[in-house]
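Chemist: Shown below is the structure under consideration.
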Amino acid sequence: RQAWALPAAGELTALRMVTAAFPDDGADDRVPRAAVSALTAFRRGADLLSERGDARAALKLLSSALDRARAHTFDYLEMQCQALSAAAAAGLDECAAMTAAGEGALTIAGEHGWQRTTWSTAAQVVLAYSALLRAEPAEAYRLAGQGQGGAGAVDRELEFGLRFVLGAAAFDRGQHAAGLQQMHHARANLGDRHLAAVQAAAAAVLEYRAALAAGHRTAARSILSWSTGRTGQCGETQLMRSWDEAHAGRAAAARAALRPLLDGSMPPLLPHSV
C-alpha cells in the first residue's frame, strides 16, 4: 500500500458495508443524496489506497469527497478525508500536502472532541513523520508523544508509527541508545502484522542508518533482513546495502550496490530515497 498510517482495516470494511447499503443515485430517501455521494467518493478513494496502493488516484477522489463534506458540513467525514489524504501524501513524499491535510484533520478533531479517534491518531502519526523529514526532531518527538498520550485504542500499524517516530526523533536529538531501543521495540511489538510497504521501507532506512552511525553493524543487517521480508528487493534495500559496504570501506562495492537505484532498474518506494 502506497500510504503511511492507514486506519484499521475493520473501519474501512464497515464503511464499505454502509455505502453498499444505499444506491449511488440517491434513490433511497432514507439518506440524503449528498451524504451517499460524499461517502461513496471517500470509500472509493480509501479502496484505491488500501487495496491498489494508488495514492495519486486516491487523492483525487478524496479531494472530491472533502469538497462535498465541507459543502454539507459533514464534519466527521471531513476529518476522515483529511486524515486519509495526509496518509496518501506521505506515501508520495509530498511534505507540504501531508502537513496541511494532517493539520486540517487535527483542527476538526479538536473542535469536536474527536482527538482519541483512529483518524485523529493517523493524522498525528503523519505530522510527526513530516517533522522528521523536515529535520525537526524535537517537533517530531512532541507530536508523536502527544499522539501516543491522547490516542484511544489503536491498531498495531498506527501504534507502530507513533512508537517508531518517537524512537527516530529521540535518536536525532542525541538519545542514541534510547532511540534505537524504541525503534527496535516498535518493530518487535508489530510482530507479523501487516505494514504498508512504504512505511516499512521508511522505517528501515531510518533505523538502519541510526544503527550504523552508532556502530551496530550486526543490528543494521537484521534491520535490512526485516525490511526485505516486508518490501522485497527495492531501491531502499539497495541503499542500505550500499551504506553497509561504504561503512566497511569497500567503496567500489558501495557504488555497485547503489547503481540499480540510480539507473532506475530498482526504483525506490519513496521518492526521497534517491
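Ordering of the C-alpha cells sets the chain letters (A, B, ...), residue numbers begin anew at 1 in every chain, and ligands are numbered from 1 in the order given.
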Check segment 85-165 of chain A with DSSP on the backbone and list each residue it calls helix (DSSP H, G or I), as an MDAnalysis selection string.
Modeler: chainID A and resid 85:91 95:112 118:133 137:150 156:165
Chemist: Leaving out Ser265 of chain A and any residue of its chain fewer than 6 positions from it, which residues lie within 10 Å of it when counting only C-alpha atoms, given as a ChimeraX atom specification?
Modeler: /A:234-235,259
Chemist: Could you write those residues out with N, CA and C atoms, as a short mmCIF file (atom, residue, chain, number, x, y, z; two decimals), in the first residue's frame?
Modeler:
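Contents of the output file out-v9.cif:
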```cif
data_model
loop_
_atom_site.label_atom_id
_atom_site.label_comp_id
_atom_site.auth_asym_id
_atom_site.auth_seq_id
_atom_site.Cartn_x
_atom_site.Cartn_y
_atom_site.Cartn_z
N CYS A 234 14.08 -3.60 -3.33
CA CYS A 234 13.66 -2.30 -3.83
C CYS A 234 14.82 -1.32 -3.71
N GLY A 235 14.60 -0.09 -4.11
CA GLY A 235 15.66 0.89 -4.05
C GLY A 235 16.20 1.09 -2.65
N ARG A 259 24.01 1.38 -7.77
CA ARG A 259 23.73 1.60 -9.20
C ARG A 259 22.28 1.29 -9.60
#
```
Chemist: Can you tell me which residues surround His272 of chain A at a distance of at most 12 Å, considering only C-alpha atoms, apart from same-chain residues fewer than 3 positions away, and format the answer as a PDB file with all heavy atoms, in the first residue's frame?
Modeler:
```
ATOM      1  N   ALA A  90       1.810  11.319   2.312  1.00  0.00           N
ATOM      2  CA  ALA A  90       3.054  10.842   2.928  1.00  0.00           C
ATOM      3  C   ALA A  90       3.683   9.750   2.083  1.00  0.00           C
ATOM      4  O   ALA A  90       4.910   9.691   1.939  1.00  0.00           O
ATOM      5  CB  ALA A  90       2.771  10.330   4.346  1.00  0.00           C
ATOM      6  N   GLY A  91       2.857   8.879   1.514  1.00  0.00           N
ATOM      7  CA  GLY A  91       3.373   7.818   0.665  1.00  0.00           C
ATOM      8  C   GLY A  91       3.993   8.339  -0.614  1.00  0.00           C
ATOM      9  O   GLY A  91       4.829   7.674  -1.233  1.00  0.00           O
ATOM     10  N   LEU A  92       3.606   9.560  -1.011  1.00  0.00           N
ATOM     11  CA  LEU A  92       4.160  10.194  -2.214  1.00  0.00           C
ATOM     12  C   LEU A  92       5.273  11.171  -1.869  1.00  0.00           C
ATOM     13  O   LEU A  92       5.821  11.832  -2.749  1.00  0.00           O
ATOM     14  CB  LEU A  92       3.043  10.932  -2.968  1.00  0.00           C
ATOM     15  CG  LEU A  92       1.939  10.054  -3.567  1.00  0.00           C
ATOM     16  CD1 LEU A  92       0.791  10.924  -4.072  1.00  0.00           C
ATOM     17  CD2 LEU A  92       2.495   9.199  -4.698  1.00  0.00           C
ATOM     18  N   ASP A  93       5.581  11.289  -0.575  1.00  0.00           N
ATOM     19  CA  ASP A  93       6.629  12.215  -0.109  1.00  0.00           C
ATOM     20  C   ASP A  93       6.279  13.672  -0.387  1.00  0.00           C
ATOM     21  O   ASP A  93       7.160  14.501  -0.612  1.00  0.00           O
ATOM     22  CB  ASP A  93       7.983  11.888  -0.746  1.00  0.00           C
ATOM     23  CG  ASP A  93       8.851  11.058   0.194  1.00  0.00           C
ATOM     24  OD1 ASP A  93       8.348  10.620   1.234  1.00  0.00           O
ATOM     25  OD2 ASP A  93      10.026  10.861  -0.122  1.00  0.00           O
ATOM     26  N   GLU A  94       5.002  13.998  -0.384  1.00  0.00           N
ATOM     27  CA  GLU A  94       4.584  15.381  -0.593  1.00  0.00           C
ATOM     28  C   GLU A  94       4.409  16.031   0.767  1.00  0.00           C
ATOM     29  O   GLU A  94       3.321  16.042   1.354  1.00  0.00           O
ATOM     30  CB  GLU A  94       3.300  15.418  -1.428  1.00  0.00           C
ATOM     31  CG  GLU A  94       3.507  14.864  -2.835  1.00  0.00           C
ATOM     32  CD  GLU A  94       2.272  14.919  -3.701  1.00  0.00           C
ATOM     33  OE1 GLU A  94       1.180  15.276  -3.173  1.00  0.00           O
ATOM     34  OE2 GLU A  94       2.375  14.621  -4.905  1.00  0.00           O
ATOM     35  N   CYS A  95       5.513  16.573   1.266  1.00  0.00           N
ATOM     36  CA  CYS A  95       5.575  17.031   2.649  1.00  0.00           C
ATOM     37  C   CYS A  95       4.572  18.144   2.958  1.00  0.00           C
ATOM     38  O   CYS A  95       3.893  18.107   3.979  1.00  0.00           O
ATOM     39  CB  CYS A  95       7.001  17.490   2.976  1.00  0.00           C
ATOM     40  SG  CYS A  95       7.364  17.551   4.742  1.00  0.00           S
ATOM     41  N   LEU A 133      11.036  14.449   8.458  1.00  0.00           N
ATOM     42  CA  LEU A 133      11.537  14.733   7.114  1.00  0.00           C
ATOM     43  C   LEU A 133      12.073  16.158   7.008  1.00  0.00           C
ATOM     44  O   LEU A 133      12.976  16.422   6.212  1.00  0.00           O
ATOM     45  CB  LEU A 133      10.428  14.522   6.078  1.00  0.00           C
ATOM     46  CG  LEU A 133       9.925  13.096   5.859  1.00  0.00           C
ATOM     47  CD1 LEU A 133       8.870  13.082   4.760  1.00  0.00           C
ATOM     48  CD2 LEU A 133      11.060  12.153   5.511  1.00  0.00           C
ATOM     49  N   ARG A 134      11.528  17.056   7.802  1.00  0.00           N
ATOM     50  CA  ARG A 134      11.985  18.454   7.789  1.00  0.00           C
ATOM     51  C   ARG A 134      13.173  18.666   8.721  1.00  0.00           C
ATOM     52  O   ARG A 134      13.595  19.808   8.936  1.00  0.00           O
ATOM     53  CB  ARG A 134      10.845  19.391   8.198  1.00  0.00           C
ATOM     54  CG  ARG A 134       9.630  19.384   7.298  1.00  0.00           C
ATOM     55  CD  ARG A 134       8.703  20.563   7.599  1.00  0.00           C
ATOM     56  NE  ARG A 134       8.321  20.651   9.003  1.00  0.00           N
ATOM     57  CZ  ARG A 134       7.261  20.033   9.532  1.00  0.00           C
ATOM     58  NH1 ARG A 134       6.486  19.278   8.757  1.00  0.00           N
ATOM     59  NH2 ARG A 134       6.977  20.175  10.802  1.00  0.00           N
ATOM     60  N   VAL A 198       5.630   1.118   2.001  1.00  0.00           N
ATOM     61  CA  VAL A 198       6.350   2.397   2.082  1.00  0.00           C
ATOM     62  C   VAL A 198       6.708   2.728   3.522  1.00  0.00           C
ATOM     63  O   VAL A 198       7.762   3.297   3.800  1.00  0.00           O
ATOM     64  CB  VAL A 198       5.544   3.550   1.453  1.00  0.00           C
ATOM     65  CG1 VAL A 198       5.451   3.396  -0.043  1.00  0.00           C
ATOM     66  CG2 VAL A 198       4.165   3.677   2.066  1.00  0.00           C
ATOM     67  N   ALA A 201       9.662   0.509   4.495  1.00  0.00           N
ATOM     68  CA  ALA A 201      10.901   0.983   3.880  1.00  0.00           C
ATOM     69  C   ALA A 201      11.422   2.238   4.575  1.00  0.00           C
ATOM     70  O   ALA A 201      12.622   2.355   4.867  1.00  0.00           O
ATOM     71  CB  ALA A 201      10.673   1.276   2.394  1.00  0.00           C
ATOM     72  N   ALA A 202      10.524   3.173   4.851  1.00  0.00           N
ATOM     73  CA  ALA A 202      10.932   4.410   5.510  1.00  0.00           C
ATOM     74  C   ALA A 202      11.487   4.125   6.901  1.00  0.00           C
ATOM     75  O   ALA A 202      12.521   4.685   7.294  1.00  0.00           O
ATOM     76  CB  ALA A 202       9.745   5.365   5.606  1.00  0.00           C
ATOM     77  N   VAL A 205      15.013   2.364   6.688  1.00  0.00           N
ATOM     78  CA  VAL A 205      16.104   3.272   6.317  1.00  0.00           C
ATOM     79  C   VAL A 205      16.517   4.127   7.517  1.00  0.00           C
ATOM     80  O   VAL A 205      17.709   4.315   7.792  1.00  0.00           O
ATOM     81  CB  VAL A 205      15.691   4.164   5.127  1.00  0.00           C
ATOM     82  CG1 VAL A 205      16.668   5.318   4.938  1.00  0.00           C
ATOM     83  CG2 VAL A 205      15.620   3.332   3.848  1.00  0.00           C
ATOM     84  N   GLY A 235      14.596  -0.093  -4.111  1.00  0.00           N
ATOM     85  CA  GLY A 235      15.659   0.893  -4.050  1.00  0.00           C
ATOM     86  C   GLY A 235      16.203   1.091  -2.648  1.00  0.00           C
ATOM     87  O   GLY A 235      17.412   1.286  -2.452  1.00  0.00           O
ATOM     88  N   GLU A 236      15.317   1.033  -1.655  1.00  0.00           N
ATOM     89  CA  GLU A 236      15.757   1.248  -0.279  1.00  0.00           C
ATOM     90  C   GLU A 236      16.647   0.109   0.218  1.00  0.00           C
ATOM     91  O   GLU A 236      17.610   0.357   0.962  1.00  0.00           O
ATOM     92  CB  GLU A 236      14.548   1.409   0.652  1.00  0.00           C
ATOM     93  CG  GLU A 236      13.860   2.755   0.576  1.00  0.00           C
ATOM     94  CD  GLU A 236      12.994   2.945  -0.658  1.00  0.00           C
ATOM     95  OE1 GLU A 236      12.714   1.935  -1.348  1.00  0.00           O
ATOM     96  OE2 GLU A 236      12.578   4.079  -0.940  1.00  0.00           O
ATOM     97  N   LEU A 239      20.002   0.798  -1.172  1.00  0.00           N
ATOM     98  CA  LEU A 239      20.619   1.917  -0.463  1.00  0.00           C
ATOM     99  C   LEU A 239      21.265   1.437   0.832  1.00  0.00           C
ATOM    100  O   LEU A 239      22.411   1.808   1.142  1.00  0.00           O
ATOM    101  CB  LEU A 239      19.563   2.987  -0.167  1.00  0.00           C
ATOM    102  CG  LEU A 239      20.027   4.222   0.613  1.00  0.00           C
ATOM    103  CD1 LEU A 239      21.087   4.983  -0.166  1.00  0.00           C
ATOM    104  CD2 LEU A 239      18.829   5.121   0.922  1.00  0.00           C
ATOM    105  N   LEU A 261      19.577   1.571  -7.993  1.00  0.00           N
ATOM    106  CA  LEU A 261      18.704   2.645  -7.520  1.00  0.00           C
ATOM    107  C   LEU A 261      18.843   3.881  -8.395  1.00  0.00           C
ATOM    108  O   LEU A 261      17.845   4.510  -8.772  1.00  0.00           O
ATOM    109  CB  LEU A 261      19.056   2.987  -6.064  1.00  0.00           C
ATOM    110  CG  LEU A 261      18.406   4.232  -5.446  1.00  0.00           C
ATOM    111  CD1 LEU A 261      16.889   4.090  -5.426  1.00  0.00           C
ATOM    112  CD2 LEU A 261      18.932   4.468  -4.036  1.00  0.00           C
ATOM    113  N   PRO A 267      13.706   0.799  -8.678  1.00  0.00           N
ATOM    114  CA  PRO A 267      13.252   2.093  -8.156  1.00  0.00           C
ATOM    115  C   PRO A 267      12.916   2.027  -6.665  1.00  0.00           C
ATOM    116  O   PRO A 267      12.598   0.962  -6.127  1.00  0.00           O
ATOM    117  CB  PRO A 267      11.994   2.391  -8.984  1.00  0.00           C
ATOM    118  CG  PRO A 267      11.513   1.047  -9.418  1.00  0.00           C
ATOM    119  CD  PRO A 267      12.731   0.198  -9.616  1.00  0.00           C
ATOM    120  N   PRO A 268      12.980   3.176  -5.998  1.00  0.00           N
ATOM    121  CA  PRO A 268      12.657   3.224  -4.577  1.00  0.00           C
ATOM    122  C   PRO A 268      11.147   3.271  -4.356  1.00  0.00           C
ATOM    123  O   PRO A 268      10.391   3.658  -5.251  1.00  0.00           O
ATOM    124  CB  PRO A 268      13.306   4.520  -4.116  1.00  0.00           C
ATOM    125  CG  PRO A 268      13.187   5.410  -5.330  1.00  0.00           C
ATOM    126  CD  PRO A 268      13.399   4.491  -6.507  1.00  0.00           C
ATOM    127  N   LEU A 269      10.722   2.906  -3.184  1.00  0.00           N
ATOM    128  CA  LEU A 269       9.326   3.050  -2.816  1.00  0.00           C
ATOM    129  C   LEU A 269       9.012   4.483  -2.416  1.00  0.00           C
ATOM    130  O   LEU A 269       7.875   4.935  -2.521  1.00  0.00           O
ATOM    131  CB  LEU A 269       8.981   2.103  -1.662  1.00  0.00           C
ATOM    132  CG  LEU A 269       9.086   0.605  -1.974  1.00  0.00           C
ATOM    133  CD1 LEU A 269       8.845  -0.225  -0.721  1.00  0.00           C
ATOM    134  CD2 LEU A 269       8.109   0.206  -3.069  1.00  0.00           C
TER     135      LEU A 269
END
```
Chemist: Each residue of segment 76-159 of chain A with at least one atom at most 10 Å from segment 48-52 of chain A should appear once, together with its nearest atom pair and the corresponding distance in Å (one decimal); atoms considered: only C-alpha atoms; ordering: chain, then increasing residue number; output as CSV.
Modeler:
```
residue,atom,partner,partner_atom,distance
A:Leu84,CA,A:Leu49,CA,8.8
A:Ser85,CA,A:Leu49,CA,9.7
A:Ala87,CA,A:Leu49,CA,9.3
A:Ala88,CA,A:Leu49,CA,7.2
A:Gly91,CA,A:Leu49,CA,9.9
```
Chemist: What would the file look like if the residues just selected were written as a short mmCIF file (atom, residue, chain, number, x, y, z; two decimals), in the first residue's frame with C-alpha atoms?
Modeler:
```
data_model
loop_
_atom_site.label_atom_id
_atom_site.label_comp_id
_atom_site.auth_asym_id
_atom_site.auth_seq_id
_atom_site.Cartn_x
_atom_site.Cartn_y
_atom_site.Cartn_z
CA LEU A 84 -6.54 9.73 4.73
CA SER A 85 -5.27 12.41 2.34
CA ALA A 87 -1.52 9.34 4.71
CA ALA A 88 -1.64 9.20 0.90
CA GLY A 91 3.37 7.82 0.67
#
```
Chemist: Find the spatial neighbours of Ser222 of chain A, counting only C-alpha atoms, within a cut-off of 12 Å - ignore same-chain residues fewer than 5 positions away - and output them as a ChimeraX atom specification.
Modeler: /A:184,187,204,207-208,211-212,216-217,227-229,240-241,244
Chemist: Could you work out how far atom CA of Glu136 of chain A lies from atom CA of Leu180 of chain A, giving the answer in Å with one decimal?
Modeler: 17.8 Å
Chemist: Using only C-alpha atoms, pick whichever of A:Leu270, A:Ala257, A:Leu162, A:Leu39 has the shortest atom-to-atom distance to Leu190 of chain A.
Modeler: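 Result for the nearest residue to Leu190 of chain A: A:Leu162.
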Chemist: Leaving out Ser63 of chain A and any residue of its chain fewer than 2 positions from it, which residues lie within 10 Å of it when counting only C-alpha atoms, given as a short mmCIF file (atom, residue, chain, number, x, y, z; two decimals) with all heavy atoms, in the first residue's frame?
Modeler:
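Just written: part.cif:
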```cif
data_model
loop_
_atom_site.label_atom_id
_atom_site.label_comp_id
_atom_site.auth_asym_id
_atom_site.auth_seq_id
_atom_site.Cartn_x
_atom_site.Cartn_y
_atom_site.Cartn_z
N ALA A 41 -17.57 8.55 -2.58
CA ALA A 41 -16.29 9.06 -3.09
C ALA A 41 -15.17 8.75 -2.10
O ALA A 41 -14.07 8.35 -2.49
CB ALA A 41 -16.39 10.56 -3.34
N PHE A 42 -15.46 8.93 -0.82
CA PHE A 42 -14.47 8.64 0.21
C PHE A 42 -14.10 7.16 0.23
O PHE A 42 -12.93 6.78 0.27
CB PHE A 42 -14.98 9.06 1.59
CG PHE A 42 -14.05 8.70 2.71
CD1 PHE A 42 -12.87 9.39 2.90
CD2 PHE A 42 -14.36 7.65 3.56
CE1 PHE A 42 -12.01 9.05 3.94
CE2 PHE A 42 -13.50 7.29 4.59
CZ PHE A 42 -12.33 8.00 4.79
N GLY A 45 -11.96 6.22 -2.73
CA GLY A 45 -10.60 6.69 -2.53
C GLY A 45 -9.85 5.82 -1.54
O GLY A 45 -8.68 5.48 -1.75
N ALA A 58 -6.19 8.03 -5.58
CA ALA A 58 -6.95 8.11 -4.34
C ALA A 58 -7.11 9.55 -3.88
O ALA A 58 -8.19 9.97 -3.43
CB ALA A 58 -6.26 7.29 -3.25
N LEU A 59 -6.05 10.34 -4.02
CA LEU A 59 -6.11 11.74 -3.60
C LEU A 59 -7.16 12.53 -4.38
O LEU A 59 -7.80 13.43 -3.83
CB LEU A 59 -4.74 12.39 -3.75
CG LEU A 59 -3.74 12.11 -2.62
CD1 LEU A 59 -2.35 12.62 -2.99
CD2 LEU A 59 -4.20 12.75 -1.32
N LYS A 60 -7.34 12.21 -5.66
CA LYS A 60 -8.35 12.90 -6.45
C LYS A 60 -9.76 12.61 -5.92
O LYS A 60 -10.58 13.53 -5.79
CB LYS A 60 -8.25 12.47 -7.92
CG LYS A 60 -6.98 12.97 -8.62
CD LYS A 60 -6.96 12.53 -10.08
CE LYS A 60 -5.68 13.01 -10.77
NZ LYS A 60 -5.63 12.57 -12.19
N LEU A 61 -10.03 11.35 -5.62
CA LEU A 61 -11.33 11.00 -5.08
C LEU A 61 -11.53 11.56 -3.68
O LEU A 61 -12.62 12.03 -3.32
CB LEU A 61 -11.50 9.48 -5.06
CG LEU A 61 -11.90 8.84 -6.38
CD1 LEU A 61 -11.75 7.33 -6.32
CD2 LEU A 61 -13.34 9.21 -6.74
N ALA A 65 -14.46 14.01 -2.27
CA ALA A 65 -15.23 13.72 -1.06
C ALA A 65 -15.10 14.85 -0.05
O ALA A 65 -16.07 15.22 0.62
CB ALA A 65 -14.75 12.40 -0.45
N LEU A 66 -13.90 15.41 0.06
CA LEU A 66 -13.67 16.51 1.00
C LEU A 66 -14.49 17.74 0.63
O LEU A 66 -15.10 18.38 1.51
CB LEU A 66 -12.18 16.86 1.02
CG LEU A 66 -11.74 18.01 1.93
CD1 LEU A 66 -12.07 17.71 3.38
CD2 LEU A 66 -10.25 18.28 1.76
N ASP A 67 -14.53 18.06 -0.64
CA ASP A 67 -15.34 19.21 -1.09
C ASP A 67 -16.81 19.01 -0.74
O ASP A 67 -17.48 19.95 -0.27
CB ASP A 67 -15.19 19.40 -2.60
CG ASP A 67 -13.82 19.93 -3.00
OD1 ASP A 67 -13.10 20.44 -2.12
OD2 ASP A 67 -13.47 19.80 -4.19
N ARG A 68 -17.31 17.81 -0.93
CA ARG A 68 -18.72 17.53 -0.64
C ARG A 68 -18.98 17.55 0.86
O ARG A 68 -20.02 18.04 1.31
CB ARG A 68 -19.11 16.17 -1.23
CG ARG A 68 -19.00 16.12 -2.74
CD ARG A 68 -19.23 14.73 -3.31
NE ARG A 68 -18.80 14.67 -4.70
CZ ARG A 68 -18.96 13.61 -5.48
NH1 ARG A 68 -19.55 12.52 -5.01
NH2 ARG A 68 -18.55 13.63 -6.73
N ALA A 69 -18.04 17.04 1.62
CA ALA A 69 -18.19 17.05 3.08
C ALA A 69 -18.24 18.48 3.61
O ALA A 69 -19.05 18.81 4.48
CB ALA A 69 -17.05 16.27 3.73
N GLU A 78 -15.24 15.03 6.93
CA GLU A 78 -14.17 15.95 6.54
C GLU A 78 -12.86 15.57 7.25
O GLU A 78 -11.79 15.55 6.64
CB GLU A 78 -14.54 17.39 6.88
CG GLU A 78 -13.47 18.39 6.45
CD GLU A 78 -13.82 19.83 6.78
OE1 GLU A 78 -14.97 20.09 7.18
OE2 GLU A 78 -12.93 20.69 6.65
N CYS A 81 -11.48 12.45 5.58
CA CYS A 81 -10.87 12.76 4.27
C CYS A 81 -9.49 13.38 4.45
O CYS A 81 -8.53 13.03 3.75
CB CYS A 81 -11.76 13.73 3.48
SG CYS A 81 -13.30 13.02 2.87
N GLN A 82 -9.39 14.31 5.40
CA GLN A 82 -8.11 14.98 5.64
C GLN A 82 -7.07 13.99 6.16
O GLN A 82 -5.91 14.00 5.71
CB GLN A 82 -8.30 16.11 6.66
CG GLN A 82 -9.16 17.27 6.17
CD GLN A 82 -8.35 18.29 5.38
OE1 GLN A 82 -7.50 17.94 4.58
NE2 GLN A 82 -8.65 19.57 5.60
N SER A 85 -6.05 11.67 3.32
CA SER A 85 -5.27 12.41 2.34
C SER A 85 -3.85 12.63 2.85
O SER A 85 -2.88 12.57 2.07
CB SER A 85 -5.93 13.77 2.05
OG SER A 85 -7.17 13.60 1.40
#
```
Chemist: Using only C-alpha atoms, which residue out of A:Arg33, A:Ala83, A:Arg156, A:Thr218 lies closest to Ala97 of chain A?
Modeler: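 Of all the options, A:Ala83 lies closest to Ala97 of chain A.
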Chemist: Residues at most 6 Å from Gly167 of chain A, counting only C-alpha atoms, excluding those fewer than 6 positions away in the same chain, as a ChimeraX atom specification?
Modeler: /A:179,182-183
Chemist: When you count only C-alpha atoms, which of these residues is closest to Phe74 of chain A: A:Val36, A:Thr237, A:Ser242, A:Pro137?
Modeler: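 For Phe74 of chain A, the nearest of the given residues is A:Val36.
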Chemist: Which one of A:Trp226, A:Trp119, A:Tyr76, A:Phe171 sits closest to Ala140 of chain A if you count only C-alpha atoms?
Modeler: A:Phe171
Chemist: Here is a test: counting only C-alpha atoms, which residue of A:Asp155, A:Asp47, A:Asp172, A:Glu245 is nearest to Arg221 of chain A?
Modeler: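 Selected residue with least distance to Arg221 of chain A: A:Glu245.
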